[in-house]
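Below is structure.cif, holding mmCIF, C-alpha atoms.
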data_run
#
loop_
_atom_site.label_atom_id
_atom_site.label_comp_id
_atom_site.auth_asym_id
_atom_site.auth_seq_id
_atom_site.Cartn_x
_atom_site.Cartn_y
_atom_site.Cartn_z
CA MET A 1 0.00 0.00 0.00
CA LYS A 2 1.34 3.44 -0.95
CA CYS A 3 1.21 6.80 0.79
CA LYS A 4 -1.38 8.99 -0.91
CA LYS A 5 0.83 12.06 -0.53
CA CYS A 6 4.29 10.88 -1.60
CA GLY A 7 3.85 7.39 -3.07
CA GLY A 8 6.24 5.89 -0.52
CA LYS A 9 5.46 2.84 1.59
CA ALA A 10 2.38 3.47 3.74
CA SER A 11 2.49 2.86 7.51
CA VAL A 12 -1.13 3.58 8.38
CA ASN A 13 -4.27 2.82 6.39
CA MET A 14 -7.51 4.52 7.39
CA ARG A 15 -10.23 2.64 5.56
CA GLN A 16 -12.96 5.02 6.73
CA HIS A 17 -11.19 7.87 4.90
CA LYS A 18 -9.84 5.73 2.04
CA LEU A 19 -6.48 7.20 3.00
CA ALA A 20 -3.10 5.52 3.49
CA LEU A 21 -0.09 7.54 4.64
CA CYS A 22 3.60 7.00 5.34
CA LYS A 23 4.87 7.73 8.85
CA GLU A 24 6.14 11.19 7.95
CA HIS A 25 2.92 12.34 6.32
CA TYR A 26 0.81 10.71 9.00
CA LEU A 27 2.63 12.79 11.62
CA GLU A 28 1.75 15.90 9.63
CA TRP A 29 -1.84 14.87 8.95
CA ILE A 30 -2.88 14.29 12.59
CA PRO A 31 -2.04 17.82 13.87
CA GLU A 32 -3.57 19.37 10.71
CA GLN A 33 -6.81 17.52 11.33
CA THR A 34 -6.74 18.33 15.05
CA GLU A 35 -6.41 22.02 14.24
CA ARG A 36 -9.34 21.68 11.85
CA PHE A 37 -11.53 20.13 14.58
CA ILE A 38 -10.47 22.76 17.15
CA LYS A 39 -11.64 25.48 14.76
CA LYS A 40 -14.72 23.65 13.48
CA TYR A 41 -16.14 23.14 16.96
CA HIS A 42 -14.81 26.49 18.35
CA MET A 43 -12.90 24.72 21.10
CA PHE A 44 -10.35 27.40 22.03
CA THR A 45 -8.03 30.04 20.63
CA ARG A 46 -4.28 30.54 20.85
CA ASP A 47 -4.79 33.22 23.51
CA GLU A 48 -6.44 30.85 25.96
CA LYS A 49 -4.80 28.79 28.69
CA ILE A 50 -5.44 25.07 28.26
CA LEU A 51 -5.24 22.39 30.93
CA VAL A 52 -4.82 18.89 29.48
CA ALA A 53 -6.06 16.01 31.61
CA VAL A 54 -3.15 13.57 31.44
CA SER A 55 -3.44 9.94 32.51
CA GLY A 56 -0.20 8.53 31.11
CA GLY A 57 -2.17 6.71 28.41
CA LYS A 58 -1.69 7.09 24.66
CA ASP A 59 -4.60 9.45 24.03
CA SER A 60 -3.90 12.09 26.64
CA LEU A 61 -0.14 12.13 25.99
CA ALA A 62 -0.76 12.28 22.23
CA LEU A 63 -3.18 15.18 22.77
CA TRP A 64 -0.64 17.08 24.86
CA ASP A 65 2.01 16.38 22.21
CA ILE A 66 -0.22 17.57 19.35
CA LEU A 67 -1.35 20.76 21.10
CA THR A 68 2.25 21.60 21.94
CA ARG A 69 3.35 20.94 18.35
CA LEU A 70 0.56 23.23 17.16
CA GLY A 71 1.89 25.98 19.43
CA TYR A 72 -0.91 26.12 22.01
CA GLU A 73 -0.19 27.03 25.63
CA ALA A 74 -1.08 23.75 27.31
CA ASP A 75 -0.16 22.50 30.80
CA GLY A 76 -0.96 19.03 32.11
CA LEU A 77 -2.92 17.75 35.09
CA TYR A 78 -2.33 14.30 36.52
CA LEU A 79 -4.72 12.90 39.14
CA GLY A 80 -3.25 10.23 41.43
CA LEU A 81 -6.04 7.70 41.93
CA GLY A 82 -4.20 5.24 44.18
CA ILE A 83 -4.79 2.20 41.95
CA ASP A 84 -2.22 -0.56 42.32
CA GLY A 85 -3.71 -3.80 40.98
CA GLY A 86 -0.40 -5.61 41.47
CA ILE A 87 1.28 -3.56 38.72
CA GLU A 88 1.59 -0.22 40.53
CA TYR A 89 -0.79 1.16 37.94
CA SER A 90 -1.12 4.72 39.26
CA HIS A 91 2.53 4.97 40.17
CA GLU A 92 3.63 3.91 36.69
CA SER A 93 1.06 6.17 34.97
CA GLN A 94 2.35 9.15 36.94
CA ARG A 95 5.96 8.27 36.12
CA LEU A 96 5.21 8.18 32.38
CA SER A 97 3.25 11.45 32.53
CA GLN A 98 6.09 13.16 34.39
CA LYS A 99 8.65 11.70 31.98
CA PHE A 100 6.76 13.12 29.00
CA ALA A 101 6.47 16.53 30.70
CA ASP A 102 10.18 16.60 31.58
CA GLU A 103 11.29 15.53 28.11
CA HIS A 104 9.18 18.24 26.46
CA ASN A 105 9.81 20.89 29.10
CA LEU A 106 6.11 21.14 29.97
CA LYS A 107 4.38 21.95 33.25
CA LEU A 108 2.51 19.05 34.92
CA HIS A 109 0.26 19.66 37.93
CA VAL A 110 -0.10 16.57 40.11
CA MET A 111 -2.96 16.05 42.56
CA ASP A 112 -3.30 12.94 44.68
CA VAL A 113 -6.88 12.04 45.59
CA GLU A 114 -5.87 10.23 48.78
CA GLY A 115 -3.60 13.09 49.82
CA GLU A 116 -6.43 15.58 49.31
CA TYR A 117 -9.41 13.64 50.68
CA GLY A 118 -7.90 10.84 52.76
CA TYR A 119 -9.09 7.95 50.56
CA SER A 120 -7.78 6.33 47.39
CA ILE A 121 -10.33 5.61 44.65
CA PRO A 122 -10.60 1.85 45.43
CA VAL A 123 -11.10 2.58 49.16
CA LEU A 124 -13.64 5.32 48.42
CA SER A 125 -15.50 2.93 46.17
CA GLU A 126 -15.62 0.26 48.86
CA ILE A 127 -16.84 2.66 51.54
CA SER A 128 -19.42 4.39 49.38
CA HIS A 129 -20.86 1.16 47.89
CA ARG A 130 -21.07 2.81 44.48
CA GLY A 131 -20.46 0.96 41.22
CA HIS A 132 -21.45 -2.64 42.04
CA GLY A 133 -18.06 -3.71 43.40
CA LYS A 134 -16.00 -1.87 40.76
CA PRO A 135 -14.42 1.54 41.36
CA CYS A 136 -15.04 2.81 37.79
CA ALA A 137 -18.12 4.88 38.70
CA VAL A 138 -16.35 6.50 41.67
CA CYS A 139 -13.24 7.04 39.56
CA GLY A 140 -15.22 8.81 36.81
CA LEU A 141 -17.09 10.95 39.31
CA ALA A 142 -13.93 11.95 41.19
CA LYS A 143 -12.05 12.74 37.96
CA ARG A 144 -14.83 14.95 36.59
CA HIS A 145 -15.19 16.78 39.91
CA GLU A 146 -11.51 17.29 40.57
CA MET A 147 -10.50 18.21 37.04
CA ASN A 148 -13.16 20.89 36.97
CA ARG A 149 -12.22 22.18 40.44
CA ILE A 150 -8.50 22.35 39.67
CA ALA A 151 -8.97 23.93 36.23
CA ARG A 152 -11.09 26.67 37.84
CA ASP A 153 -8.80 27.12 40.88
CA LEU A 154 -5.73 27.50 38.68
CA GLY A 155 -7.42 29.90 36.29
CA TYR A 156 -7.44 27.85 33.09
CA ASP A 157 -9.85 28.81 30.33
CA VAL A 158 -10.48 25.31 29.13
CA LEU A 159 -10.00 21.68 30.14
CA ALA A 160 -8.99 19.36 27.29
CA THR A 161 -9.39 15.59 27.52
CA GLY A 162 -8.03 12.86 25.23
CA HIS A 163 -11.36 11.21 24.41
CA ASN A 164 -11.14 9.65 20.96
CA LEU A 165 -13.93 8.64 18.59
CA ASP A 166 -14.11 5.10 19.96
CA ASP A 167 -14.64 6.52 23.47
CA GLU A 168 -17.36 8.83 22.19
CA ALA A 169 -19.02 6.19 20.01
CA ALA A 170 -19.05 3.71 22.91
CA VAL A 171 -20.70 6.26 25.21
CA LEU A 172 -23.17 7.17 22.49
CA PHE A 173 -23.91 3.51 21.87
CA GLY A 174 -24.61 2.89 25.56
CA ASN A 175 -26.75 5.98 25.91
CA THR A 176 -28.69 5.09 22.78
CA LEU A 177 -29.30 1.54 23.96
CA ASN A 178 -30.81 3.02 27.11
CA TRP A 179 -32.31 6.10 25.41
CA SER A 180 -30.67 8.22 28.09
CA SER A 181 -31.92 11.49 26.65
CA GLU A 182 -30.26 13.75 29.24
CA TYR A 183 -26.85 12.23 28.59
CA LEU A 184 -27.41 12.34 24.83
CA LEU A 185 -28.22 16.01 25.15
CA ARG A 186 -24.94 16.73 26.93
CA GLN A 187 -22.60 14.70 24.71
CA GLY A 188 -20.46 16.59 22.23
CA PRO A 189 -16.96 17.81 21.35
CA VAL A 190 -17.45 20.90 23.53
CA LEU A 191 -19.25 21.28 26.84
CA PRO A 192 -19.57 25.04 27.16
CA ALA A 193 -18.58 26.84 30.36
CA ALA A 194 -21.48 27.41 32.75
CA ASP A 195 -21.84 28.60 36.34
CA GLY A 196 -19.22 26.58 38.20
CA LEU A 197 -18.19 24.60 35.15
CA VAL A 198 -15.09 25.23 33.11
CA ARG A 199 -15.37 24.65 29.33
CA LYS A 200 -14.48 21.07 28.43
CA VAL A 201 -13.25 20.06 25.00
CA LYS A 202 -12.29 16.84 23.20
CA PRO A 203 -9.95 17.72 20.32
CA LEU A 204 -9.37 14.05 19.41
CA CYS A 205 -13.05 13.14 19.23
CA ARG A 206 -12.95 12.43 15.50
CA PHE A 207 -9.88 10.18 15.50
CA TYR A 208 -10.24 6.43 15.87
CA GLU A 209 -8.49 4.89 18.86
CA ARG A 210 -6.38 2.98 16.36
CA GLU A 211 -5.20 6.25 14.84
CA MET A 212 -4.14 7.61 18.22
CA THR A 213 -2.21 4.43 18.96
CA ALA A 214 -0.48 4.79 15.59
CA TYR A 215 0.33 8.42 16.37
CA ALA A 216 1.82 7.57 19.79
CA LEU A 217 3.90 4.78 18.24
CA ALA A 218 5.07 6.93 15.33
CA ARG A 219 6.06 9.76 17.69
CA GLY A 220 7.87 7.36 20.01
CA ILE A 221 5.71 8.38 22.98
CA GLU A 222 6.19 6.00 25.89
CA TYR A 223 2.71 5.45 27.29
CA MET A 224 0.92 3.19 29.77
CA TYR A 225 0.17 0.13 27.67
CA GLU A 226 -1.21 -1.94 30.52
CA GLU A 227 -4.93 -1.77 31.02
CA CYS A 228 -6.35 -0.33 34.23
CA PRO A 229 -6.67 -3.43 36.48
CA PHE A 230 -10.36 -2.64 36.94
CA ALA A 231 -11.14 -2.16 33.23
CA GLU A 232 -11.33 -5.86 32.38
CA GLY A 233 -14.86 -6.85 31.50
CA SER A 234 -16.09 -3.25 31.55
CA GLN A 235 -19.17 -2.32 29.61
CA GLN A 236 -17.30 0.40 27.73
CA ILE A 237 -14.74 -2.08 26.41
CA PHE A 238 -17.52 -4.45 25.39
CA TYR A 239 -19.21 -1.66 23.43
CA LYS A 240 -15.92 -0.73 21.77
CA GLU A 241 -15.31 -4.33 20.72
CA THR A 242 -18.85 -4.59 19.38
CA LEU A 243 -18.45 -1.41 17.35
CA ASN A 244 -15.09 -2.63 16.02
CA GLN A 245 -16.77 -5.81 14.77
CA LEU A 246 -19.19 -3.60 12.88
CA GLU A 247 -16.38 -1.37 11.63
CA SER A 248 -14.49 -4.36 10.23
CA VAL A 249 -17.43 -5.22 8.02
CA ARG A 250 -18.53 -1.66 7.32
CA PRO A 251 -15.53 0.72 7.30
CA GLY A 252 -16.61 4.13 8.53
CA ALA A 253 -19.55 2.86 10.60
CA LYS A 254 -18.21 4.28 13.87
CA LEU A 255 -17.42 7.65 12.33
CA THR A 256 -20.84 7.90 10.69
CA PHE A 257 -22.60 6.88 13.91
CA TYR A 258 -20.93 9.71 15.83
CA ILE A 259 -20.91 12.44 13.18
CA LYS A 260 -24.53 11.89 12.17
CA PHE A 261 -25.49 12.07 15.85
CA LEU A 262 -23.73 15.45 16.22
CA GLU A 263 -25.40 16.74 13.08
CA ALA A 264 -28.85 15.57 14.18
CA LYS A 265 -28.30 17.15 17.59
CA GLN A 266 -27.24 20.44 16.04
CA ARG A 267 -30.33 20.49 13.84
CA GLY A 268 -32.48 19.96 16.95
CA ASP A 269 -33.71 16.59 15.79
CA LEU A 270 -33.07 14.81 19.07
CA PHE A 271 -36.13 15.46 21.23
CA ILE A 272 -34.23 18.31 22.85
CA GLU A 273 -36.97 20.71 23.87
CA THR A 274 -38.50 18.62 26.61
CA ASN A 275 -35.09 17.77 28.05
CA ILE A 276 -33.76 21.27 28.52
CA GLU A 277 -35.84 21.82 31.66
CA ARG A 278 -34.91 18.45 33.12
CA ALA A 279 -31.22 19.03 32.50
CA HIS A 280 -31.30 22.12 34.72
CA LEU A 281 -28.37 22.33 37.12
CA HIS A 282 -27.78 24.40 40.24
CA PRO A 283 -24.76 24.87 42.57
CA CYS A 284 -23.87 22.25 45.18
CA SER A 285 -24.34 23.72 48.66
CA ARG A 286 -20.81 22.70 49.66
CA CYS A 287 -18.42 22.95 46.70
CA GLY A 288 -20.48 25.20 44.44
CA GLN A 289 -20.08 23.02 41.35
CA PRO A 290 -23.23 22.40 39.32
CA THR A 291 -25.41 19.44 40.21
CA SER A 292 -28.88 18.19 39.43
CA ALA A 293 -29.27 16.90 43.02
CA PRO A 294 -31.25 19.03 45.51
CA GLU A 295 -28.36 20.01 47.88
CA LEU A 296 -24.96 18.30 47.80
CA CYS A 297 -23.50 17.09 44.49
CA SER A 298 -22.76 13.38 44.03
CA PHE A 299 -19.07 13.81 44.83
CA CYS A 300 -19.64 15.72 48.10
CA ARG A 301 -22.31 13.22 49.13
CA MET A 302 -19.86 10.40 48.53
CA ILE A 303 -17.13 12.08 50.62
CA GLU A 304 -19.70 12.83 53.35
CA LYS A 305 -20.79 9.19 53.41
CA ALA A 306 -17.18 8.00 53.51
CA LYS A 307 -16.48 10.23 56.53
CA VAL A 308 -19.56 8.98 58.38
CA THR A 309 -18.67 5.35 57.63
CA THR A 310 -15.04 5.63 58.75
CA GLY A 311 -15.87 7.85 61.73
CA MET B 1 8.39 -21.91 8.87
CA PRO B 2 5.16 -20.40 10.16
CA VAL B 3 4.67 -16.73 10.94
CA LYS B 4 4.17 -15.83 14.58
CA LEU B 5 1.71 -13.12 15.66
CA ILE B 6 2.13 -11.89 19.24
CA LEU B 7 -0.65 -10.00 21.01
CA ARG B 8 -0.05 -9.21 24.68
CA ASN B 9 0.81 -12.63 26.17
CA LYS B 10 -0.78 -14.68 23.40
CA GLU B 11 0.90 -16.19 20.36
CA TYR B 12 -0.79 -17.19 17.09
CA GLU B 13 0.78 -19.10 14.21
CA VAL B 14 -0.20 -18.64 10.56
CA LYS B 15 1.23 -19.72 7.23
CA ALA B 16 3.68 -17.47 5.41
CA GLY B 17 2.52 -15.97 2.13
CA MET B 18 -0.84 -14.69 3.31
CA THR B 19 -1.68 -11.05 3.90
CA LEU B 20 -1.73 -9.56 7.37
CA LEU B 21 -5.49 -9.03 7.04
CA ASP B 22 -6.08 -12.71 6.26
CA ALA B 23 -3.76 -13.74 9.09
CA LEU B 24 -5.70 -11.61 11.59
CA LYS B 25 -9.02 -12.96 10.40
CA LYS B 26 -7.73 -16.53 10.55
CA SER B 27 -6.61 -15.91 14.15
CA ASN B 28 -10.00 -14.40 15.07
CA ILE B 29 -8.44 -11.01 15.80
CA VAL B 30 -10.55 -8.01 14.80
CA PRO B 31 -8.24 -5.97 12.51
CA GLU B 32 -9.64 -2.69 13.88
CA SER B 33 -8.48 -3.60 17.38
CA VAL B 34 -4.73 -3.84 16.68
CA ILE B 35 -1.76 -2.15 15.02
CA ALA B 36 0.76 -4.55 13.53
CA THR B 37 4.50 -3.92 13.67
CA ARG B 38 7.43 -5.62 11.94
CA ASP B 39 10.81 -4.88 13.48
CA GLY B 40 9.22 -1.94 15.30
CA GLU B 41 7.74 -0.36 12.15
CA MET B 42 3.99 -0.22 11.53
CA ILE B 43 2.70 -2.21 8.57
CA THR B 44 -0.59 -2.09 6.68
CA GLU B 45 -3.02 -5.00 6.31
CA ASP B 46 -2.12 -5.79 2.68
CA GLU B 47 1.45 -6.70 3.68
CA ILE B 48 2.45 -10.27 2.75
CA LEU B 49 3.82 -12.16 5.74
CA LYS B 50 7.21 -13.76 5.30
CA ASP B 51 8.56 -17.14 6.32
CA GLY B 52 9.48 -17.33 10.01
CA GLU B 53 8.93 -13.70 10.88
CA VAL B 54 7.41 -12.36 14.09
CA ILE B 55 4.69 -9.72 13.90
CA LYS B 56 4.02 -7.83 17.12
CA LEU B 57 0.43 -6.66 17.51
CA ILE B 58 -0.32 -3.62 19.66
CA ALA B 59 -3.80 -3.62 21.23
CA VAL B 60 -5.49 -0.28 20.69
CA ILE B 61 -8.51 -0.46 23.00
CA SER B 62 -8.26 1.11 26.40
CA GLY B 63 -10.98 1.14 29.00
CA GLY B 64 -12.16 3.27 31.85
CA LEU B 65 -13.89 6.57 31.55
CA GLY B 66 -11.13 8.50 29.84
#
Would you put the structure from the file into structure tokens?
Amino acid sequence: MKCKKCGGKASVNMRQHKLALCKEHYLEWIPEQTERFIKKYHMFTRDEKILVAVSGGKDSLALWDILTRLGYEADGLYLGLGIDGGIEYSHESQRLSQKFADEHNLKLHVMDVEGEYGYSIPVLSEISHRGHGKPCAVCGLAKRHEMNRIARDLGYDVLATGHNLDDEAAVLFGNTLNWSSEYLLRQGPVLPAADGLVRKVKPLCRFYEREMTAYALARGIEYMYEECPFAEGSQQIFYKETLNQLESVRPGAKLTFYIKFLEAKQRGDLFIETNIERAHLHPCSRCGQPTSAPELCSFCRMIEKAKVTTG
Amino acid sequence: MPVKLILRNKEYEVKAGMTLLDALKKSNIVPESVIATRDGEMITEDEILKDGEVIKLIAVISGGLG
């Protein structure tokens, strides 16, 4: 297979785009496309301060790399979750994030959940009885809460996450299976800033997970290859595998699923009117971040419960 | 000599002379879920596999909530 740009030997073939590229042109193409998505969805400008949520995985490190190559002012934020799983998962993830920051002379903020609140994510999950024996729900809640808090406290204009198209398509698939209209209403490449909420953006949301892996490999980025010890058997992975089966038979199926959803949403085709009222948020009485609950937000309730349980 | 495909801790053996795409399908590996490398360089699915070589497959799916 030949590179469409130079005719040399191709390294990556993207069947959904009918596009094969050599390593050199692939490494040019990804930032070009990222810039296009940043502008298309009005994510941020070059004057704004960006905080990149960095996990040590391929997507977040690739995002940080791309934004830096494009000349954006982007610092990193690593959240220590206290996950060991016999492979020192969090420790190794932090090491790789710090290594990337040091090698590229970038600023990485590090916040340890246990240091801040007294409980690691697995312990918090056990105490709070959330998530049916798995800490993934608590982990997601804590990450969303803390990333937003820190981005606001440190004065960043926007929080960027490394969600790729497979992440977005899997979430969309799950929400569609359940017709979770409120979640469908909120899903998109940009979650605008609101009272208590910093703007959140997903610049990689139109790249396949496979493309981000190829980018990380081609750039020589050392990333956390090992799976989170708690991810095995997760619903999100099952949805991704299911969508990949479909993609193998119908190249472009994942991309079409996501893009057509965004277009339908923008046109107002997705039963939006009745949901706007229900999606109303107000400030948590403790931390001030938006919540749909009557008083305390889910995160503060969880911490409160943990304190009561442990005395 | 057969061709060896390695994915995480698993090994698969296929005949030389077939394409990477056919080798993946024969091994029940969804092509979308991996990147194949030969001597550290990425290769595309039309590549013909050679006698006795080892192809390392990189899993692309990661879990969790991002």
Take the PyMOL selection byres ((chain A and resi 234) around 12), apply it to the structure above, and return the hits as a list in words.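 So the PyMOL selection byres ((chain A and resi 234) around 12) ends up selecting Gly131, His132, Lys134, Pro135, Cys136, Ala137, Ala170, Glu227, Cys228, Pro229, Phe230, Ala231, Glu232, Gly233, Gln235, Gln236, Ile237, Phe238, Tyr239, Lys240 and Glu241 of chain A; Ile61, Ser62, Gly63, Gly64 and Leu65 of chain B.
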Figure out the distance between atom CA of A:Ser292 and atom CA of A:Ile121, please, to one decimal in Å.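 Computing the Euclidean distance for atom CA of A:Ile121 and atom CA of A:Ser292 yields 23.0 Å.
Under the PyMOL selection byres ((chain A) within 7 of (chain B)), the matching residues in the shown file are Met1, Ala10, Ser11, Val12, Asn13, Cys136, Gly140, His163, Glu209, Arg210, Thr213, Glu227, Ala231, Gln236, Ile237, Asn244, Gln245 and Ser248 of chain A.
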Which residues, named as in the file, does the PyMOL selection byres ((chain B and resi 9-23) around 6) pick out? Answer as a PyMOL selection string. chain B and resi 2-8+24-26+45-51
Could you dump the residues just selected with C-alpha atoms as a short mmCIF file (atom, residue, chain, number, x, y, z; two decimals), in the frame of the given file?
data_model
loop_
_atom_site.label_atom_id
_atom_site.label_comp_id
_atom_site.auth_asym_id
_atom_site.auth_seq_id
_atom_site.Cartn_x
_atom_site.Cartn_y
_atom_site.Cartn_z
CA PRO B 2 5.16 -20.40 10.16
CA VAL B 3 4.67 -16.73 10.94
CA LYS B 4 4.17 -15.83 14.58
CA LEU B 5 1.71 -13.12 15.66
CA ILE B 6 2.13 -11.89 19.24
CA LEU B 7 -0.65 -10.00 21.01
CA ARG B 8 -0.05 -9.21 24.68
CA LEU B 24 -5.70 -11.61 11.59
CA LYS B 25 -9.02 -12.96 10.40
CA LYS B 26 -7.73 -16.53 10.55
CA GLU B 45 -3.02 -5.00 6.31
CA ASP B 46 -2.12 -5.79 2.68
CA GLU B 47 1.45 -6.70 3.68
CA ILE B 48 2.45 -10.27 2.75
CA LEU B 49 3.82 -12.16 5.74
CA LYS B 50 7.21 -13.76 5.30
CA ASP B 51 8.56 -17.14 6.32
#
Find the spatial neighbours of A:Lys58, counting only C-alpha atoms, within a cut-off of 9 Å - ignore same-chain residues fewer than 3 positions away - and output them as an MDAnalysis selection string. chainID A and resid 55 61:63 162 212:213 215:217 221:225
Select, from A:Cys3, A:Met14, A:Cys205, A:Val190, the residue with the minimum atom-to-atom distance to A:Thr34, counting only C-alpha atoms.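 Smallest separation from A:Thr34 among the options: A:Cys205.
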Computed interatomic separation between atom CA of A:Val158 and atom CA of A:Leu270 (Å): 26.9 Å
d(atom CA of A:Arg219, atom CA of A:Lys49) in Å: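 Answer for the atom CA of A:Arg219 to atom CA of A:Lys49 separation: 24.5 Å.
The point (7.6, 13.7, 36.6) has these residues within 12 Å of it when all atoms listed in the file are used: A:Val54, A:Gly56, A:Gly76, A:Leu77, A:Tyr78, A:His91, A:Glu92, A:Ser93, A:Gln94, A:Arg95, A:Leu96, A:Ser97, A:Gln98, A:Lys99, A:Phe100, A:Ala101, A:Asp102, A:Glu103, A:His104, A:Asn105, A:Leu106, A:Lys107, A:Leu108, A:His109, A:Val110.
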Got a sec: who's within 12 Å of A:Leu197, counting all atoms listed in the file, leaving out chain neighbours fewer than 4 positions off, as a list in words?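 The contact residues come out as Arg144, His145, Glu146, Met147, Asn148, Arg149, Ile150, Ala151, Arg152, Asp153, Tyr156, Asp157, Val158, Leu159, Leu191, Pro192, Ala193, Leu281, His282, Pro283, Cys284, Cys287, Gly288, Gln289, Pro290 and Thr291 of chain A.
Shortest separation to A:Ala293 among A:His42, A:His280, A:Lys202, A:Lys4 occurs at residue A:His280, atoms counted being all atoms listed in the file.
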List the spatial neighbours of A:Glu73 as a PyMOL selection string - criterion: any atom at most 12 Å away, all atoms listed in the file, same-chain residues fewer than 5 positions off excluded. chain A and resi 44-52+64-68+106-107+156-158+160
Taking all atoms of stretch 51-64 of chain B that the file lists, what box with edges along x, y and z, padded by 8 Å per side, do you get, with centre and edge lengths in Å to one decimal, as AutoDock Vina command-line options?
--center_x -1.3 --center_y -7.0 --center_z 19.1 --size_x 37.6 --size_y 36.6 --size_z 41.5
